[in-house]
Structure formats: C-alpha cells, structure tokens
Amino acid sequence: CAMQVQTFRKVHGYGYASTMCIGNLRSGTESLSHYLRNKDKESLYKAFHFWGIIIIFAIGAGSGGVLSNIWGIKTILVSPILLTFVIIMMIKEYR
C-alpha cells in the first residue's frame, strides 16, 4: 500500500489518493463547489479528474465482484493483463 501511495501520487498534476476514495471524493466535491461559486473552468476540470478517478474505481470494483462470481479464483488473472497495458502506456508517456 505504501509503495502504491508513493508511486502513484498525481494525475495531470493533481495529487490524489490511489488507495482510498474518501480524499478524492472530498477534493472532487471541493473543486465542484469552487466552480459553482466562482465559475472557474480550472476548478471544473479538476473536479472531473477526481470524479473520473472515483467512477473508474467503482467500475473496477463492481466488475471484479461480478467476474469473481463467474470465474472464481481465475479472476486474478485479469490484473496482470490490465497492468501490462498500464506499463505500456507509462513507457510511451515517459519516452
């Protein structure tokens, strides 16, 4: 958990918590509130980033639960496949 928190700290320059949703929920809601009060487009953009992270997490958790019921222990094999795609994307970005 500590390695993940240290390694994945920012998305497009915005700090986020990769191991829990409550901080992202707070940051996304704060940014949305700031946008609604001040009509600052940067705040809306930031809110979309945080809410996107939360939605992607929810989709992953939900699909993991469904696949676990269908495939059982074999569901764990999905993780290395997805991580391979992520590694490829990270290598391309850092070149």
# chains A, B, ... in the order shown; residues from 1 in each chain; ligands from 1
call {"tool": "select_by_dssp", "arguments": {"residues": "range 55-92 of chain A", "states": "alpha helix (DSSP H)", "output": "ChimeraX atom specification"}}
result
/A:55-71,78-92
call {"tool": "closest_residue", "arguments": {"among": "A:Gly60, A:Tyr14, A:Glu93, A:Cys21", "to": "Glu42 in chain A", "atoms": "only C-alpha atoms"}}
result
A:Tyr14
call {"tool": "atom_distance", "arguments": {"atom1": "CA of Arg95 in chain A", "atom2": "CA of Arg9 in chain A"}}
result
19.6 Å
call {"tool": "atom_distance", "arguments": {"atom1": "CA of Gln6 in chain A", "atom2": "CA of Ser33 in chain A"}}
result
28.2 Å
call {"tool": "atom_distance", "arguments": {"atom1": "CA of Thr75 in chain A", "atom2": "CA of Ser63 in chain A"}}
result
10.2 Å
call {"tool": "closest_residue", "arguments": {"among": "A:Ile91, A:Cys1, A:Leu25, A:Leu36", "to": "Gly52 in chain A", "atoms": "only C-alpha atoms"}}
result
A:Leu25
call {"tool": "closest_residue", "arguments": {"among": "A:Thr19, A:Gln4, A:Thr29, A:Asn24", "to": "Ile53 in chain A", "atoms": "only C-alpha atoms"}}
result
A:Asn24
call {"tool": "residues_around", "arguments": {"residues": "Leu67 in chain A", "least_positions_apart": "5", "cutoff": "12 Å", "atoms": "only C-alpha atoms", "output": "count of residues only"}}
result
12
call {"tool": "closest_residue", "arguments": {"among": "A:Leu83, A:Val66, A:Met89, A:Ile54", "to": "Met20 in chain A", "atoms": "only C-alpha atoms"}}
result
A:Ile54
call {"tool": "select_by_dssp", "arguments": {"residues": "chain A", "states": "strand (DSSP E)", "output": "list of chain:residue names"}}
result
A:Lys10, A:Val11, A:Tyr14, A:Gly15
call {"tool": "write_last_selection", "arguments": {"atoms": "N, CA and C atoms", "output": "PDB file, in the first residue's frame"}}
result
ATOM      1  N   LYS A  10       0.074  11.579  -8.538  1.00  0.00           N
ATOM      2  CA  LYS A  10      -0.565  12.654  -9.289  1.00  0.00           C
ATOM      3  C   LYS A  10      -1.152  12.147 -10.594  1.00  0.00           C
ATOM      4  N   VAL A  11      -2.240  12.797 -11.001  1.00  0.00           N
ATOM      5  CA  VAL A  11      -2.843  12.594 -12.312  1.00  0.00           C
ATOM      6  C   VAL A  11      -2.977  13.976 -12.932  1.00  0.00           C
ATOM      7  N   TYR A  14      -2.521  16.823 -10.516  1.00  0.00           N
ATOM      8  CA  TYR A  14      -3.361  16.900  -9.319  1.00  0.00           C
ATOM      9  C   TYR A  14      -3.030  15.731  -8.398  1.00  0.00           C
ATOM     10  N   GLY A  15      -2.693  16.027  -7.154  1.00  0.00           N
ATOM     11  CA  GLY A  15      -2.428  14.983  -6.186  1.00  0.00           C
ATOM     12  C   GLY A  15      -3.699  14.231  -5.854  1.00  0.00           C
TER      13      GLY A  15
END
call {"tool": "residues_around", "arguments": {"residues": "Gly28 in chain A", "least_positions_apart": "3", "cutoff": "7 Å", "atoms": "only C-alpha atoms", "output": "PyMOL selection string"}}
result
chain A and resi 24-25+31-32+47+50-51
call {"tool": "write_last_selection", "arguments": {"atoms": "C-alpha atoms", "output": "PDB file, in the first residue's frame"}}
result
ATOM      1  CA  ASN A  24     -10.684  12.032  -3.818  1.00  0.00           C
ATOM      2  CA  LEU A  25     -14.379  12.473  -3.051  1.00  0.00           C
ATOM      3  CA  SER A  31     -13.433  21.649  -6.765  1.00  0.00           C
ATOM      4  CA  LEU A  32     -17.024  21.363  -7.987  1.00  0.00           C
ATOM      5  CA  ALA A  47     -13.445  18.146 -10.356  1.00  0.00           C
ATOM      6  CA  PHE A  50     -11.273  13.455  -9.259  1.00  0.00           C
ATOM      7  CA  TRP A  51     -14.768  12.221 -10.073  1.00  0.00           C
TER       8      TRP A  51
END
call {"tool": "decode", "arguments": {"residues": "range 65-89 of chain A", "atoms": "C-alpha atoms", "output": "tab-separated table (two decimals), in the first residue's frame"}}
result
chain	number	residue	atom	x	y	z
A	65	GLY	CA	-17.07	-8.63	-7.97
A	66	VAL	CA	-19.12	-9.84	-10.92
A	67	LEU	CA	-16.17	-11.67	-12.51
A	68	SER	CA	-15.33	-13.30	-9.18
A	69	ASN	CA	-18.79	-14.84	-9.09
A	70	ILE	CA	-18.39	-16.10	-12.66
A	71	TRP	CA	-14.71	-17.18	-12.86
A	72	GLY	CA	-13.84	-17.63	-9.20
A	73	ILE	CA	-10.12	-17.59	-8.38
A	74	LYS	CA	-9.21	-17.28	-12.09
A	75	THR	CA	-10.38	-13.66	-11.94
A	76	ILE	CA	-6.97	-12.75	-10.50
A	77	LEU	CA	-5.51	-13.36	-13.99
A	78	VAL	CA	-7.25	-10.18	-15.24
A	79	SER	CA	-4.96	-7.99	-13.10
A	80	PRO	CA	-1.65	-8.81	-14.83
A	81	ILE	CA	-3.27	-8.26	-18.22
A	82	LEU	CA	-4.52	-4.82	-17.22
A	83	LEU	CA	-1.21	-3.95	-15.55
A	84	THR	CA	0.65	-4.87	-18.73
A	85	PHE	CA	-1.41	-2.31	-20.66
A	86	VAL	CA	-0.74	0.30	-17.98
A	87	ILE	CA	3.01	-0.35	-18.09
A	88	ILE	CA	2.99	0.03	-21.87
A	89	MET	CA	1.10	3.33	-21.55
